[in-house]
$ cat work28.txt   # compact mmCIF, C-alpha atoms and all ligand atoms
# COMPACT_ATOMS: atom_id res chain seq x y z
CA MET A 1 -8.21 1.63 7.28
CA ALA A 2 -4.90 0.04 8.15
CA GLY A 3 -3.06 -3.18 7.43
CA ILE A 4 -0.86 -5.60 9.32
CA TYR A 5 1.99 -7.44 7.63
CA VAL A 6 3.72 -10.40 9.30
CA HIS A 7 7.04 -11.51 7.83
CA ILE A 8 7.93 -15.22 8.04
CA PRO A 9 11.56 -15.40 6.92
CA PHE A 10 11.98 -19.14 6.42
CA CYS A 11 12.52 -21.04 3.18
CA LYS A 12 13.39 -24.67 2.54
CA SER A 13 15.87 -23.58 -0.14
CA ARG A 14 16.71 -20.40 -1.99
CA CYS A 15 15.27 -19.74 -5.43
CA ALA A 16 17.95 -18.50 -7.82
CA TYR A 17 16.38 -15.08 -8.47
CA CYS A 18 15.23 -14.17 -4.97
CA ASP A 19 16.66 -11.40 -2.80
CA PHE A 20 13.89 -11.30 -0.15
CA TYR A 21 15.08 -11.67 3.39
CA SER A 22 14.79 -15.30 4.50
CA THR A 23 16.92 -18.07 5.93
CA THR A 24 17.21 -21.72 5.01
CA LEU A 25 19.01 -22.62 8.22
CA GLY A 26 17.14 -25.51 9.75
CA ASN A 27 18.46 -24.76 13.22
CA VAL A 28 16.51 -21.51 13.64
CA ALA A 29 13.88 -22.07 16.31
CA MET A 30 10.61 -21.09 14.67
CA TRP A 31 8.75 -21.03 17.97
CA ARG A 32 11.20 -18.44 19.31
CA TYR A 33 10.67 -16.30 16.24
CA VAL A 34 6.89 -16.50 16.74
CA ASP A 35 7.36 -15.41 20.36
CA ALA A 36 9.45 -12.49 19.12
CA ILE A 37 6.71 -11.33 16.74
CA LEU A 38 4.16 -11.46 19.56
CA ALA A 39 6.53 -9.48 21.78
CA GLU A 40 7.04 -6.91 19.04
CA ALA A 41 3.27 -6.53 18.59
CA GLN A 42 2.94 -5.79 22.30
CA LEU A 43 5.73 -3.24 22.24
CA ARG A 44 4.13 -1.50 19.25
CA ALA A 45 0.47 -1.94 20.23
CA ASP A 46 -0.18 1.80 20.06
CA GLU A 47 0.91 1.83 16.41
CA ILE A 48 -1.91 -0.47 15.31
CA GLU A 49 -4.47 1.83 13.78
CA GLN A 50 -8.07 0.68 13.97
CA PRO A 51 -9.94 -0.55 12.11
CA VAL A 52 -7.56 -3.04 10.52
CA GLU A 53 -8.83 -3.91 7.07
CA THR A 54 -6.17 -6.33 5.86
CA VAL A 55 -3.71 -8.84 7.29
CA TYR A 56 -0.96 -10.37 5.18
CA PHE A 57 1.42 -13.19 6.14
CA GLY A 58 4.31 -12.97 3.67
CA GLY A 59 7.83 -14.26 3.40
CA GLY A 60 9.93 -16.16 3.03
CA THR A 61 7.46 -19.00 3.06
CA PRO A 62 4.68 -18.66 5.66
CA SER A 63 3.26 -22.04 4.61
CA MET A 64 6.42 -23.68 5.98
CA LEU A 65 5.46 -22.65 9.47
CA PRO A 66 3.70 -25.54 11.25
CA PRO A 67 -0.04 -24.75 11.55
CA GLU A 68 0.15 -24.73 15.34
CA LEU A 69 2.68 -21.88 15.17
CA ILE A 70 0.54 -19.93 12.70
CA GLU A 71 -2.39 -20.46 15.05
CA ARG A 72 -0.23 -19.16 17.89
CA LEU A 73 0.33 -15.96 15.89
CA VAL A 74 -3.31 -15.64 14.88
CA ALA A 75 -4.44 -16.09 18.49
CA GLY A 76 -1.66 -13.97 20.03
CA LEU A 77 -2.25 -11.08 17.64
CA ARG A 78 -6.03 -11.47 18.16
CA LEU A 79 -6.51 -11.48 14.42
CA ARG A 80 -9.92 -13.15 14.64
CA ASP A 81 -11.22 -10.23 16.72
CA LEU A 82 -10.22 -7.75 14.01
CA ASP A 83 -12.86 -9.11 11.66
CA CYS A 84 -10.80 -7.73 8.78
CA ARG A 85 -11.96 -7.98 5.19
CA GLU A 86 -8.93 -9.65 3.72
CA MET A 87 -6.54 -12.04 5.44
CA THR A 88 -3.92 -13.49 3.11
CA ILE A 89 -1.29 -16.16 3.54
CA GLU A 90 1.49 -16.71 1.01
CA VAL A 91 2.10 -20.37 0.24
CA ASN A 92 4.37 -22.51 -1.87
CA PRO A 93 2.71 -25.35 -3.79
CA ASP A 94 4.82 -28.06 -2.14
CA ASP A 95 3.54 -27.10 1.32
CA VAL A 96 -0.15 -27.31 0.45
CA THR A 97 -1.94 -30.34 1.89
CA ALA A 98 -5.65 -30.82 2.61
CA GLU A 99 -4.93 -30.65 6.36
CA ARG A 100 -2.93 -27.42 6.15
CA ALA A 101 -5.42 -25.78 3.80
CA ALA A 102 -8.27 -26.64 6.19
CA ALA A 103 -6.25 -25.32 9.14
CA TRP A 104 -5.48 -21.98 7.38
CA ARG A 105 -9.15 -21.59 6.55
CA GLU A 106 -10.11 -22.40 10.12
CA MET A 107 -7.73 -19.73 11.39
CA GLY A 108 -9.54 -17.07 9.37
CA PHE A 109 -7.41 -16.73 6.24
CA ASN A 110 -9.76 -15.99 3.36
CA ARG A 111 -7.18 -15.43 0.62
CA VAL A 112 -4.14 -17.43 -0.51
CA SER A 113 -1.33 -16.08 -2.63
CA MET A 114 0.65 -18.88 -4.24
CA GLY A 115 4.09 -18.51 -5.82
CA VAL A 116 3.88 -20.68 -8.92
CA GLN A 117 6.18 -18.65 -11.23
CA SER A 118 5.79 -21.02 -14.21
CA PHE A 119 3.76 -24.01 -15.33
CA VAL A 120 6.72 -25.42 -17.26
CA ASP A 121 8.88 -27.85 -15.26
CA GLU A 122 12.22 -27.06 -16.95
CA GLU A 123 11.76 -23.38 -16.15
CA LEU A 124 10.94 -24.17 -12.54
CA ARG A 125 14.05 -26.33 -12.25
CA ALA A 126 16.23 -23.65 -13.85
CA VAL A 127 15.52 -21.21 -11.02
CA GLY A 128 15.52 -23.76 -8.19
CA ARG A 129 11.81 -23.91 -7.44
CA ARG A 130 10.97 -26.93 -5.33
CA HIS A 131 7.71 -27.91 -7.00
CA THR A 132 6.48 -29.08 -10.38
CA ALA A 133 3.72 -27.62 -12.53
CA HIS A 134 1.55 -30.59 -11.64
CA GLN A 135 2.02 -29.96 -7.91
CA ALA A 136 0.97 -26.35 -8.40
CA ARG A 137 -2.25 -27.42 -10.12
CA GLN A 138 -2.92 -29.96 -7.40
CA ALA A 139 -2.32 -27.32 -4.73
CA ILE A 140 -4.88 -25.03 -6.39
CA ASP A 141 -7.44 -27.88 -6.40
CA THR A 142 -6.69 -28.61 -2.74
CA LEU A 143 -7.16 -24.97 -1.77
CA ARG A 144 -10.43 -24.79 -3.68
CA SER A 145 -11.65 -27.97 -1.96
CA ALA A 146 -10.82 -26.40 1.38
CA GLY A 147 -13.16 -23.52 0.54
CA PHE A 148 -10.78 -20.77 -0.60
CA ASP A 149 -12.63 -18.63 -3.12
CA ASN A 150 -9.97 -15.95 -3.35
CA LEU A 151 -6.69 -17.21 -4.81
CA SER A 152 -3.80 -15.29 -6.27
CA VAL A 153 -1.18 -16.89 -8.51
CA ASP A 154 2.28 -15.37 -9.04
CA LEU A 155 4.07 -15.87 -12.36
CA ILE A 156 7.42 -14.65 -13.70
CA PHE A 157 8.26 -13.89 -17.31
CA GLY A 158 11.74 -13.56 -18.79
CA LEU A 159 12.87 -16.75 -17.00
CA PRO A 160 16.01 -18.59 -18.20
CA GLY A 161 15.13 -20.77 -21.16
CA GLN A 162 11.62 -19.34 -21.41
CA THR A 163 10.23 -18.62 -24.87
CA VAL A 164 7.19 -16.61 -25.88
CA LYS A 165 5.51 -19.95 -26.62
CA SER A 166 6.28 -21.45 -23.22
CA TRP A 167 5.15 -18.21 -21.53
CA GLN A 168 1.90 -18.57 -23.44
CA THR A 169 1.62 -22.11 -22.01
CA SER A 170 2.07 -20.89 -18.44
CA LEU A 171 -0.43 -18.12 -18.99
CA ASN A 172 -2.97 -20.48 -20.54
CA VAL A 173 -2.75 -22.87 -17.61
CA ALA A 174 -2.91 -20.05 -15.06
CA LEU A 175 -5.96 -18.49 -16.69
CA SER A 176 -7.66 -21.87 -17.13
CA VAL A 177 -7.67 -22.44 -13.36
CA ARG A 178 -9.33 -19.02 -12.91
CA PRO A 179 -7.50 -17.60 -9.89
CA GLU A 180 -9.28 -14.47 -8.73
CA HIS A 181 -5.98 -12.62 -8.93
CA LEU A 182 -2.84 -12.90 -11.03
CA SER A 183 0.52 -11.19 -10.41
CA ALA A 184 3.13 -11.41 -13.15
CA TYR A 185 6.59 -9.91 -12.76
CA CYS A 186 9.42 -9.59 -15.19
CA LEU A 187 12.46 -11.47 -13.90
CA SER A 188 15.04 -9.12 -12.50
CA TYR A 189 18.65 -10.01 -11.82
CA GLU A 190 19.29 -8.80 -8.29
CA PRO A 191 22.89 -8.41 -7.08
CA GLY A 192 24.02 -11.26 -4.89
CA THR A 193 21.48 -13.80 -6.11
CA ALA A 194 22.53 -17.10 -7.68
CA LEU A 195 21.01 -16.00 -10.96
CA TRP A 196 23.03 -12.80 -10.93
CA GLN A 197 26.20 -14.83 -10.46
CA GLN A 198 25.23 -17.21 -13.26
CA ARG A 199 24.80 -14.28 -15.59
CA GLU A 200 28.15 -12.82 -14.47
CA ARG A 201 29.80 -16.13 -15.35
CA GLY A 202 28.07 -16.14 -18.72
CA GLU A 203 25.96 -19.20 -17.87
CA GLU A 204 22.67 -17.33 -18.19
CA VAL A 205 21.60 -14.83 -20.79
CA GLU A 206 19.03 -12.22 -19.90
CA ALA A 207 15.85 -12.12 -22.01
CA THR A 208 16.04 -9.37 -24.60
CA GLU A 209 13.93 -6.23 -24.32
CA PRO A 210 11.77 -7.00 -27.39
CA MET A 211 11.09 -10.49 -26.03
CA VAL A 212 10.11 -9.16 -22.62
CA GLU A 213 7.87 -6.60 -24.29
CA GLU A 214 6.19 -9.30 -26.35
CA MET A 215 5.63 -11.41 -23.23
CA TYR A 216 4.17 -8.46 -21.34
CA ASN A 217 1.83 -7.59 -24.21
CA LEU A 218 0.75 -11.21 -24.36
CA LEU A 219 0.09 -11.16 -20.64
CA ARG A 220 -2.06 -8.05 -20.92
CA ARG A 221 -4.01 -9.34 -23.89
CA ALA A 222 -4.61 -12.84 -22.56
CA SER A 223 -5.60 -11.65 -19.08
CA THR A 224 -7.95 -8.93 -20.20
CA ASP A 225 -9.50 -11.22 -22.84
CA ALA A 226 -10.14 -13.69 -20.03
CA GLY A 227 -12.03 -11.05 -18.04
CA TYR A 228 -9.28 -9.83 -15.73
CA GLU A 229 -8.84 -6.15 -14.97
CA HIS A 230 -5.33 -4.80 -15.28
CA TYR A 231 -5.27 -2.63 -12.19
CA GLU A 232 -1.55 -2.26 -11.50
CA ILE A 233 1.51 -2.67 -13.72
CA SER A 234 2.07 -6.27 -12.60
CA ASN A 235 -1.36 -7.17 -11.22
CA PHE A 236 -4.61 -8.40 -12.69
CA ALA A 237 -7.84 -9.35 -10.97
CA LEU A 238 -11.33 -10.53 -11.70
CA PRO A 239 -13.82 -7.72 -10.99
CA GLY A 240 -13.93 -6.86 -7.30
CA ARG A 241 -10.90 -9.02 -6.48
CA TYR A 242 -8.08 -6.49 -6.37
CA SER A 243 -5.62 -7.20 -3.58
CA ARG A 244 -6.75 -4.83 -0.85
CA HIS A 245 -3.54 -5.27 1.09
CA ASN A 246 -1.20 -4.54 -1.83
CA SER A 247 -3.42 -1.67 -2.91
CA SER A 248 -2.84 -0.11 0.48
CA TYR A 249 0.92 0.01 -0.25
CA TRP A 250 0.26 1.93 -3.43
CA ASP A 251 -2.29 4.37 -2.04
CA GLY A 252 -0.43 5.32 1.14
CA THR A 253 -2.57 3.51 3.70
CA PRO A 254 -0.81 2.99 7.05
CA TYR A 255 0.41 -0.50 7.83
CA LEU A 256 2.35 -2.14 10.62
CA GLY A 257 5.02 -4.64 9.59
CA LEU A 258 6.01 -7.23 12.18
CA GLY A 259 9.04 -9.52 12.07
CA ALA A 260 12.62 -9.47 10.83
CA GLY A 261 13.01 -7.35 7.71
CA ALA A 262 9.43 -6.02 7.85
CA HIS A 263 8.65 -2.40 6.97
CA SER A 264 5.92 -0.18 8.43
CA PHE A 265 4.42 3.10 7.28
CA ASP A 266 2.32 5.58 9.26
CA GLY A 267 0.46 6.83 6.18
CA LEU A 268 2.23 10.19 6.20
CA TRP A 269 5.94 10.65 6.86
CA ARG A 270 7.35 7.86 8.95
CA ARG A 271 8.62 4.49 7.82
CA HIS A 272 9.97 1.93 10.24
CA ILE A 273 12.41 -0.73 9.07
CA ASN A 274 13.08 -3.85 11.12
CA PRO A 275 16.54 -5.43 10.87
CA ALA A 276 16.77 -8.13 8.23
CA ASP A 277 18.41 -10.36 10.79
CA ILE A 278 16.45 -12.84 12.87
CA ALA A 279 18.99 -12.96 15.72
CA ALA A 280 19.15 -9.15 16.07
CA PHE A 281 15.37 -8.86 15.89
CA GLU A 282 14.85 -11.52 18.56
CA ARG A 283 17.53 -10.05 20.81
CA ASP A 284 15.94 -6.59 20.66
CA VAL A 285 12.35 -7.56 21.34
CA LEU A 286 12.81 -10.64 23.56
CA GLU A 287 15.94 -9.91 25.58
CA ARG A 288 16.07 -6.11 25.66
CA GLY A 289 12.33 -5.50 25.50
CA GLU A 290 12.91 -2.80 22.88
CA VAL A 291 11.30 -2.00 19.57
CA SER A 292 13.68 -3.34 16.95
CA GLY A 293 14.82 -1.43 13.87
CA GLU A 294 14.98 2.17 12.78
CA ASP A 295 12.67 5.00 11.88
CA ASP A 296 13.06 6.78 8.61
CA VAL A 297 11.29 10.13 8.49
CA LEU A 298 10.60 11.08 4.91
CA GLY A 299 11.24 14.58 3.66
CA LYS A 300 8.85 16.25 1.23
CA GLU A 301 11.06 15.31 -1.73
CA GLU A 302 11.13 11.62 -0.81
CA ARG A 303 7.39 11.57 -0.20
CA TYR A 304 6.81 13.25 -3.55
CA GLU A 305 8.94 10.67 -5.34
CA GLU A 306 7.10 7.84 -3.60
CA MET A 307 3.68 9.23 -4.39
CA VAL A 308 4.61 9.60 -8.05
CA MET A 309 6.22 6.17 -8.30
CA LEU A 310 3.50 4.26 -6.47
CA GLY A 311 0.60 6.23 -7.94
CA LEU A 312 1.69 5.75 -11.52
CA ARG A 313 1.88 1.98 -11.05
CA THR A 314 -1.88 1.77 -10.72
CA VAL A 315 -4.69 2.29 -13.21
CA ALA A 316 -6.22 4.77 -10.79
CA GLY A 317 -3.06 6.87 -11.14
CA ILE A 318 -2.03 9.78 -8.96
CA ASP A 319 -4.80 11.64 -7.20
CA LEU A 320 -3.77 15.28 -7.64
CA ASN A 321 -6.01 16.46 -4.82
CA ARG A 322 -4.48 14.02 -2.40
CA LEU A 323 -0.98 14.98 -3.51
CA GLU A 324 -1.86 18.60 -2.83
CA ARG A 325 -3.34 17.81 0.57
CA VAL A 326 -0.19 15.95 1.64
CA LEU A 327 2.51 18.10 0.02
CA GLY A 328 0.96 21.42 -0.90
CA ALA A 329 -0.15 23.19 -4.06
CA ASP A 330 3.39 23.80 -5.33
CA TYR A 331 3.97 20.05 -5.66
CA ARG A 332 0.79 19.69 -7.69
CA GLN A 333 2.08 22.38 -10.04
CA ARG A 334 5.47 20.75 -10.17
CA LEU A 335 3.96 17.38 -11.08
CA LEU A 336 1.84 18.85 -13.85
CA ALA A 337 4.82 20.73 -15.22
CA GLY A 338 6.96 17.57 -15.13
CA ALA A 339 4.21 15.59 -16.81
CA ALA A 340 3.48 18.09 -19.57
CA ALA A 341 5.68 16.48 -22.26
CA HIS A 342 4.21 13.03 -21.69
CA LEU A 343 0.67 14.39 -21.54
CA ALA A 344 1.37 15.83 -24.97
CA ASP A 345 2.85 12.62 -26.41
CA GLY A 346 0.01 10.51 -24.99
CA LEU A 347 2.08 8.38 -22.59
CA LEU A 348 0.30 10.07 -19.69
CA LEU A 349 -3.42 10.71 -19.48
CA ARG A 350 -5.32 13.10 -17.29
CA ALA A 351 -8.90 12.44 -16.26
CA GLY A 352 -10.26 15.09 -13.90
CA ASP A 353 -7.93 15.15 -10.94
CA CYS A 354 -6.12 11.92 -11.76
CA LEU A 355 -2.96 11.46 -13.74
CA ARG A 356 -2.15 7.99 -15.03
CA LEU A 357 -0.11 6.03 -17.54
CA SER A 358 -1.68 5.15 -20.87
CA ALA A 359 -1.82 1.44 -21.75
CA THR A 360 1.11 1.75 -24.14
CA ALA A 361 3.25 3.43 -21.48
CA LEU A 362 3.03 0.69 -18.87
CA LEU A 363 6.25 -1.03 -19.89
CA ARG A 364 8.07 2.29 -19.97
CA SER A 365 6.88 3.43 -16.57
CA ASP A 366 10.42 3.67 -15.15
CA MET A 367 11.53 6.10 -17.83
CA ILE A 368 8.39 8.23 -17.48
CA ILE A 369 8.62 8.36 -13.70
CA ARG A 370 12.28 9.38 -13.97
CA ASP A 371 11.32 12.16 -16.37
CA ILE A 372 8.65 13.47 -14.02
CA ILE A 373 10.74 13.34 -10.88
S1 LIG A 401 11.04 -16.89 -3.92
FE1 LIG A 401 9.92 -17.33 -2.04
S2 LIG A 401 10.43 -19.52 -1.64
FE2 LIG A 401 11.96 -18.78 -3.10
S3 LIG A 401 13.68 -18.10 -1.80
FE3 LIG A 401 12.38 -16.28 -2.21
S4 LIG A 401 11.02 -16.17 -0.48
FE4 LIG A 401 11.90 -18.24 -0.48
$ encode --input "work28.txt" --output "structure tokens" --more "lines below"
Ligand code: SF4
Amino acid sequence: MAGIYVHIPFCKSRCAYCDFYSTTLGNVAMWRYVDAILAEAQLRADEIEQPVETVYFGGGTPSMLPPELIERLVAGLRLRDLDCREMTIEVNPDDVTAERAAAWREMGFNRVSMGVQSFVDEELRAVGRRHTAHQARQAIDTLRSAGFDNLSVDLIFGLPGQTVKSWQTSLNVALSVRPEHLSAYCLSYEPGTALWQQRERGEEVEATEPMVEEMYNLLRRASTDAGYEHYEISNFALPGRYSRHNSSYWDGTPYLGLGAGAHSFDGLWRRHINPADIAAFERDVLERGEVSGEDDVLGKEERYEEMVMLGLRTVAGIDLNRLERVLGADYRQRLLAGAAAHLADGLLLRAGDCLRLSATALLRSDMIIRDII
């Protein structure tokens, strides 16, 4: 089963923490970019593995794209014919209207992932989000009214000015609206972002480690008490509502990424990286008729590191048999040897042919992965 990812690199404004590839330049012709994606899909048609199980429109802000342009992509990529199980569009609350929600539904999207980040207005303002908490709640109601029964809400903890109490407030609101899926990430200060610069100038202070730990523990407790399954370090879902598309990134399923800055993976050794530059991407596929970007062929070491890193993020853990099939028996031995100390101290658990993090180890996953690798 494969996936298709479509990158829509447009944003109305930049959020202070974000380092995803997107542009806020209003003079970029969106229709030309859509044409470029369709041209790229044609050039790479033989890379689309059938059957396609998931489609994901991410960004940037896909909901900024006028519905007629999204429809042009859906029709041009023949997404309706794929009859895939999960078709997700990422949206921002301020773009959600009854008309747009109905149009997305009509086009075949059956899942919406909404970047809310916080249900506290001061926190939203502090990182330059364009919406209020009230707008986010309204957007959820609008999506429900349009018939979406599979919603994902993104939150961030460790935000500037956030306290454990205000994080509890955001969590309470998020859980009270019962999204089928909840993603919660710890704020990271990425080089080059506005937030990074604010911290450099001493205008922002990073949340302390004990505070972040308390917030994460609260997140785990509140979500699991509310019936959510904690299936990946940062992801929670009601039973049966795991994100199929994101799960495919963690379990090594092939996917084709279309658009500027998109990545692809053939499920084995080859990654393809499109230029994070709209003009270069359009020039390659529209004017030169060439596949844009570069291939990166992974060596065994890189693949091993990826399999360990991605596998240990999930509750399913690393499948030792699969690791052996892909890399050979010596890598299985190497992994078990590297894991021995943490199997002994209880941070890692082994069940049959799976190796996974214990609940208490989730926040220390980086350290454990480093130790193993
Ligand atoms: S967080 Fe989303 S909306 Fe904000 S700048 Fe990044 S991609 Fe754009």
$ atom_distance --input "work28.txt" --atom1 "CA of Ala16 in chain A" --atom2 "CA of Arg111 in chain A"
26.7 Å
$ atom_distance --input "work28.txt" --atom1 "CA of Ser13 in chain A" --atom2 "atom S4 of ligand LIG 401 (chain A)"
8.9 Å
$ closest_residue --input "work28.txt" --among "A:Ala45, A:Ala194, A:Ala39, A:Met107" --to "Cys18 in chain A" --atoms "only C-alpha atoms"
A:Ala194
$ residues_near_ligand --input "work28.txt" --ligand "ligand LIG 401 (chain A)" --cutoff "8 Å" --atoms "all atoms listed in the file" --output "PyMOL selection string"
chain A and resi 9-22+59-61+92+115+128-129
$ residues_near_point --input "work28.txt" --point "(-0.3, -16.8, -4.8)" --cutoff "8 Å" --atoms "all atoms listed in the file" --output "PyMOL selection string"
chain A and resi 90-92+112-116+151-154+182-183
$ write_last_selection --input "work28.txt" --atoms "C-alpha atoms" --output "PDB file, keeping the file's coordinate frame"
ATOM      1  CA  GLU A  90       1.490 -16.710   1.010  1.00  0.00           C
ATOM      2  CA  VAL A  91       2.100 -20.370   0.240  1.00  0.00           C
ATOM      3  CA  ASN A  92       4.370 -22.510  -1.870  1.00  0.00           C
ATOM      4  CA  VAL A 112      -4.140 -17.430  -0.510  1.00  0.00           C
ATOM      5  CA  SER A 113      -1.330 -16.080  -2.630  1.00  0.00           C
ATOM      6  CA  MET A 114       0.650 -18.880  -4.240  1.00  0.00           C
ATOM      7  CA  GLY A 115       4.090 -18.510  -5.820  1.00  0.00           C
ATOM      8  CA  VAL A 116       3.880 -20.680  -8.920  1.00  0.00           C
ATOM      9  CA  LEU A 151      -6.690 -17.210  -4.810  1.00  0.00           C
ATOM     10  CA  SER A 152      -3.800 -15.290  -6.270  1.00  0.00           C
ATOM     11  CA  VAL A 153      -1.180 -16.890  -8.510  1.00  0.00           C
ATOM     12  CA  ASP A 154       2.280 -15.370  -9.040  1.00  0.00           C
ATOM     13  CA  LEU A 182      -2.840 -12.900 -11.030  1.00  0.00           C
ATOM     14  CA  SER A 183       0.520 -11.190 -10.410  1.00  0.00           C
TER      15      SER A 183
END
$ residues_around --input "work28.txt" --residues "range 257-271 of chain A" --least-positions-apart "4" --cutoff "6 Å" --atoms "only C-alpha atoms" --output "PyMOL selection string"
chain A and resi 4-7+37+252-253+275-278+281+295-298
$ closest_residue --input "work28.txt" --among "A:Leu256, A:Met307, A:Ala174, A:Ala340" --to "Phe57 in chain A" --atoms "all atoms listed in the file"
A:Leu256
$ residues_around --input "work28.txt" --residues "range 209-219 of chain A" --least-positions-apart "3" --cutoff "9 Å" --atoms "only C-alpha atoms" --output "NGL selection string"
:A and (157-158 or 163-164 or 167-168 or 171 or 184 or 186 or 222-224 or 363)
$ write_last_selection --input "work28.txt" --atoms "C-alpha atoms" --output "PDB file, in the coordinates of the input"
ATOM      1  CA  PHE A 157       8.260 -13.890 -17.310  1.00  0.00           C
ATOM      2  CA  GLY A 158      11.740 -13.560 -18.790  1.00  0.00           C
ATOM      3  CA  THR A 163      10.230 -18.620 -24.870  1.00  0.00           C
ATOM      4  CA  VAL A 164       7.190 -16.610 -25.880  1.00  0.00           C
ATOM      5  CA  TRP A 167       5.150 -18.210 -21.530  1.00  0.00           C
ATOM      6  CA  GLN A 168       1.900 -18.570 -23.440  1.00  0.00           C
ATOM      7  CA  LEU A 171      -0.430 -18.120 -18.990  1.00  0.00           C
ATOM      8  CA  ALA A 184       3.130 -11.410 -13.150  1.00  0.00           C
ATOM      9  CA  CYS A 186       9.420  -9.590 -15.190  1.00  0.00           C
ATOM     10  CA  ALA A 222      -4.610 -12.840 -22.560  1.00  0.00           C
ATOM     11  CA  SER A 223      -5.600 -11.650 -19.080  1.00  0.00           C
ATOM     12  CA  THR A 224      -7.950  -8.930 -20.200  1.00  0.00           C
ATOM     13  CA  LEU A 363       6.250  -1.030 -19.890  1.00  0.00           C
TER      14      LEU A 363
END
$ residues_around --input "work28.txt" --residues "Ser365 in chain A" --least-positions-apart "4" --cutoff "9 Å" --atoms "all atoms listed in the file" --output "PyMOL selection string"
chain A and resi 233+309+312-313+357+361+369-370
$ atom_distance --input "work28.txt" --atom1 "CA of Leu155 in chain A" --atom2 "CA of Ser170 in chain A"
8.1 Å
$ closest_residue --input "work28.txt" --among "A:Leu159, A:Ala98, A:Val315, A:Ile368" --to "Leu124 in chain A" --atoms "only C-alpha atoms"
A:Leu159
$ residues_around --input "work28.txt" --residues "Ala2 in chain A" --least-positions-apart "4" --cutoff "7 Å" --atoms "all atoms listed in the file" --output "tab-separated table (two decimals) with C-alpha atoms, keeping the file's coordinate frame"
chain	number	residue	atom	x	y	z
A	49	GLU	CA	-4.47	1.83	13.78
A	50	GLN	CA	-8.07	0.68	13.97
A	51	PRO	CA	-9.94	-0.55	12.11
A	52	VAL	CA	-7.56	-3.04	10.52
A	53	GLU	CA	-8.83	-3.91	7.07
A	54	THR	CA	-6.17	-6.33	5.86
A	253	THR	CA	-2.57	3.51	3.70
A	254	PRO	CA	-0.81	2.99	7.05
A	255	TYR	CA	0.41	-0.50	7.83
